[in-house]
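Enquirer: Dropping a structure here in structure tokens format, bear with me for questions.
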Amino acid sequence: MNETYYDQLKETLYSETLDNGLHVYILPKKGFNKTYATFTTKYGSVDNHFTPLGSDEPAKVPDGIAHFLEHKLFEKEDGDVFQDFSKQGASANAFTSFTRTAYLFSSTSNVKENLKTLIDFVQAPYFTEKTVEKEKGIIGQEIEMYDDNPDWRVYFGVIENMFHRHPVKIDIAGTVSSIAKITKDSLYTCYETFYHPSNMLLFVVGNVVPEEIMSLVKENQSGKEFTPPEKIERFFEEEPPEVAKKKSVIKMTVQTPKCMVGFKQATPKRFGDERLKYELGMNLLLDYLFGQSSDNYEELYTEGLIDQSFSFDYTEETDFGFSLIGGETSDPDRLTDRIFEMIEATKSKGIDTEAIDRLKKKKMGSFLRSMNSPEYIANQFTRFQFGDMNLFKVVEMYDKITTEDLQNILNDHFKEKAFTSCQIRPKNS
Amino acid sequence: MTKTKEPRIIPTEGYTLHLVETEKYKTTTISIQIKRKIEEENVTKRALLAQVLKSGTKSYPSSLHIHRLLEDMYGAGFVTSIAKKGDYQIITIRMDVSNEKFLLNNTQLLEQSLDFLAEVLLHPLNDGTKFDESNVKKEKRVLKQKIQSIYDDKMRFANKRLVEEMFKGQSYAQHAFGKEEEVESITAEELFDYYKDVIEKDEIDIYIIGDINGDEVGRKVQSSLRLNERINTDEAPVQEVTARHQENVVFDEQDVKQGKLHIGYRTSITFADPEYYAIQVFNGIFGGFSHSKLFLNVREKASLAYYAVSRIESHVGALFVMSGIEFKNYEKAVSIIKEQMDHMKSGDITDSELSQTKEMIRNQLLESVDNPNSWVDLLYHSRVAGIRRSIDEWIEGIQAVTMEDIRNVADTVTLDTIYFLKGEGQK
């Protein structure tokens with residue numbers, strides 16, 4: 001078992017990759033009541049075209065299947081796993097993103113039993129035609145719930161504008177008609193391909209003794225048979241650097257319009273430290289451009305174009321990436337234009353080093369604050385690790401970013417052809 | 001069982017200080033709670049005040065100045081918010097600041113934070129008779145947008161509508177954000193007068209949680225924040241509620257895809273009552289968790305919904321059910337929910353439902369104290385209810401709940417209002 005001490009954070013991380021390929025990480029937290037564990041596969045909604053395990057032919061699967069699988073894994077022959085967790089005082093959950101599916105629990109007692117339950121239920125699929133059909137009604141209602149949610153619609157609307165072909169433009173849960181095509185066999189195909197231990201990461205954080213947890217996991221895994229690890233072949237069609245659509249308008253039953261603009265990342269091919277630096281640089285830059293201490297924010301707020309819902313974010317995963325900026329607004333067109341103008345103005349004005357130093361302090365403080373949260377640590381660590389990055393090197397990396405790096409990112413990312421806007425407008429306007 | 005630390009309570013002139021010394025966080029949290037009973041004529045004003053208080057002070061006249069200060073303080077968190085707890089409308093001012101020992105240079109962040117918060121409270125930007133006009137104008141717009149966004153989020157909208165219908169004519173029917181149509185007419189003078197009244201009269205509690213030296217911090221707060229003794233702390237009158245003889249059914253129509261079914265039940269039990277433990281367990285068995293009756297029957301068995309949950313409003317004696325369903329399944333869903341409530345009332349509950357639920361509530365309580373904000377929230381519940389209930393006591397209370405206790409509290413639960421938000425022109 002490896003042991004790494006991070007001096008500034010005063011945290012020790014324990015890790016090991018087991019014989020079957022499973023990556024295990026343990027972070028003890030003194031004084032906490034709770035233990036939080038995530039068991040995550042590097043498999044999400046974008047993985048809809050791949051070569052199934054044991055096959056030579058690439059296959060396409062229905063939209064929303066990764067999320068459907070996540071739901072169905074909780075059901076077993078003798079009932080559902082939620083019952084087992086709650087008998088052991090744990091609350092369990094799961095989520096599916098573009099690139100990951102995570103299963104998790106948190107509990108303040110019976111940690112070992114709960115951990116075994118977590119690993120065992122994820123590693124023992126039980127799908128039948130009958131239970132698959134039943135789930136379609138439940139997920140159908142989940143899809144409709146999101147359909148009525150303007151924040152979700154504007155978020156997906158702008159991503160849809162950006163991409164011509166990439167599956168990131170498809171809603172994570174799919175549609176009512178796409179999930180209708182899901183069968184127990186297609187679920188097994190996805191499961192067998194993507195849930196091999198070598199494609200998965202287990203993270204345990206909380207009030208635990210690392211040695212005990214590691215030996216429990218090892219013992220559990222050595223009692224199960226797995227095929228040797230194989231590289232998974234995933235296929236994504238070539239995506240041009242420019243956006244598919246410059247603008248879209250969605251009418252909904254709302255009172256306040258919403259607007260989200262975005263820039264599509266033209267070269268999402270970075271890994272490891274290079275991606276870490278780019279991603280953190282983007283975060284700094286967005287904060288510099290539109291954070292609450294920026295002149296731009298103050299101007300937009302005073303002009304009445306934004307309110308507290310205004311936010312921004314940068315996402316980069318293997319093969320796709322984008323920045324998003326927006327929120328509620330009285331005038332979506334005007335906000336779209338102002339954001340673009342402000343970015344252009346910054347390109348010609350240059351970046352103020354003093355402001356960047358202040359923002360770096362802020363980022364370090366926020367990072368420290370997020371270390372209070374076991375949820376943040378486990379989920380973000382996993383995401384970083386899947387991109388060959390180390391969450392605990394964030395503070396160190398912020399230190400290394402120069403104003404010149406930021407200027408480069410500014411010129412590289414924020415291009416006119418990569419820019420698009422999605423708006424939600426009240427139905428009766 | 002490990003004991004949960006209880007706060008040191010230090011009564012001070014004008015406010016009460018609650019200090020929790022713990023090493024488990026990398027930050028220190030300071031939370032100021034300002035409480036007054038809901039006054040219909042002042043609800044909107046109070047919501048606006050919560051906004052204006054964070055928009056400028058004597059030394060930091062605009063949000064921009066404040067945000068630059070916060071960045072210099074290693075990205076300290078600073079928020080104000082407004083909420084209802086029972087018949088009180090409460091302003092919260094909160095800061096989270098990094099613990100100095102994790103930073104390389106030796107900045108006095110905690111001291112700086114306490115000074116800043118004292119200024120927010122005592123010296124918001126004003127000219128002696130009114131708040132700064134431009135700050136007030138900006139925050140009015142933001143408040144209006146916040147109120148509108150309730151309408152845009154159909155789950156919150158349905159909640160608000162159910163509460164309005166169920167508590168018609170009572171102060172609890174007011175939304176904590178106030179009324180959109182009242183925002184514009186509030187003047188900077190009026191708001192300032194109201195602020196002075198708040199600082200003079202409202203009950204104020206200050207919580208500080210983190211790796212602190214309690215004595216030192218206590219002295220520091222007492223020297224930087226001086227307030228007058230409160231003259232009369234107002235107790236919200238207990239509102240008499242009579243059970244309806246007939247359930248109240250309310251339909252709204254909007255152009256939406258999913259129907260929102262929200263059902264309100266009354267109970268006579270509130271947070272301060274010894275039966276509170278039992279009603280909490282009752283709610284847990286009924287709809288609080290993913291092993292609960294609502295989840296199993298509405299979602300898993302009938303496949304009608306993605307979520308079907310219940311929660312209790314601790315200080316007013318209400319239990320709310322929430323579910324998102326297809327319009328055409330209204331009758332079916334209502335009848336399953338009623339049937340599950342009948343099971344609750346007739347004591348059709350297994351031992352394992354009881355023990356699972358107790359375990360889950362215990363787990364929730366213990367998890368809450370792992371997060372400084374939810375810990376403050378737990379502590380403040382007792383404060384609002386005017387009782388002392390330690391976390392350990394609470395956990396023991398839950399463990400001791402019997403089937404008979406649940407049967408007894410079940411008798412107090414009555415159906416009040418069924419609210420359904422459905423699509424336009426849908427039957």
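Residue names in the structure tokens use chain letters A, B, ... in the order shown, residue numbers from 1 in each chain, and ligand numbers from 1 in the order shown.
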Check every residue of chain B for an atom within 6 Å of chain A, counting only C-alpha atoms, and provide those that qualify as a PyMOL selection string.

Expert: chain B and resi 24-25+64+67-68+71-72+74-75+98+142+148+152+258+291+303+305-306+356+359-360+363+367+370

Enquirer: Could you save the residues just selected, with C-alpha atoms, as a tab-separated table (two decimals), in the first residue's frame?

Expert:
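Output file selection-v8.tsv is given in full below:
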```tsv
chain	number	residue	atom	x	y	z
B	24	LYS	CA	-12.08	18.65	12.44
B	25	TYR	CA	-12.52	21.47	9.94
B	64	LEU	CA	-17.03	45.06	-5.58
B	67	HIS	CA	-15.54	40.85	-2.95
B	68	ARG	CA	-12.00	42.13	-3.34
B	71	GLU	CA	-10.46	37.38	-2.11
B	72	ASP	CA	-7.62	38.86	-0.15
B	74	TYR	CA	-8.11	33.66	0.89
B	75	GLY	CA	-11.52	33.50	-0.68
B	98	SER	CA	-9.75	29.32	6.17
B	142	VAL	CA	-32.25	41.07	-7.56
B	148	GLN	CA	-39.81	35.20	-9.88
B	152	ASP	CA	-39.74	29.08	-12.73
B	258	GLN	CA	-44.96	16.81	-15.42
B	291	HIS	CA	-36.76	2.25	2.17
B	303	SER	CA	-43.65	2.93	-11.31
B	305	ALA	CA	-42.82	8.61	-10.17
B	306	TYR	CA	-39.12	9.25	-9.95
B	356	GLN	CA	-34.08	0.94	9.65
B	359	GLU	CA	-30.71	3.98	12.09
B	360	MET	CA	-31.10	6.38	9.19
B	363	ASN	CA	-26.94	8.59	10.73
B	367	GLU	CA	-23.51	13.39	9.54
B	370	ASP	CA	-19.59	16.82	10.15
```

Enquirer: Which polymer residues have any atom within 8 Å of an atom of Ile91 (chain B), counting only C-alpha atoms, with same-chain residues fewer than 3 positions away left out, as number ranges by chain?

Expert: B: 33-35, 46-47, 50, 80-83

Enquirer: Go through B:Glu203, B:Glu41, B:Thr4, B:Ser62 one by one, measure the shortest atom-to-atom distance of each to Ser368 (chain B) using only C-alpha atoms, and give the residue with the smallest value.

Expert: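 Going through B:Glu203, B:Glu41, B:Thr4, B:Ser62 one by one, the smallest distance to Ser368 (chain B) is for B:Thr4.
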
Enquirer: Among region 70-303 of chain A, which ones does DSSP assign to helix (DSSP H, G or I) (computed from the backbone)? Answer as a PyMOL selection string.

Expert: chain A and resi 70-72+81-87+111-122+129-147+150-162+167-169+176-179+184-194+197-199+210-222+272-290+295-302
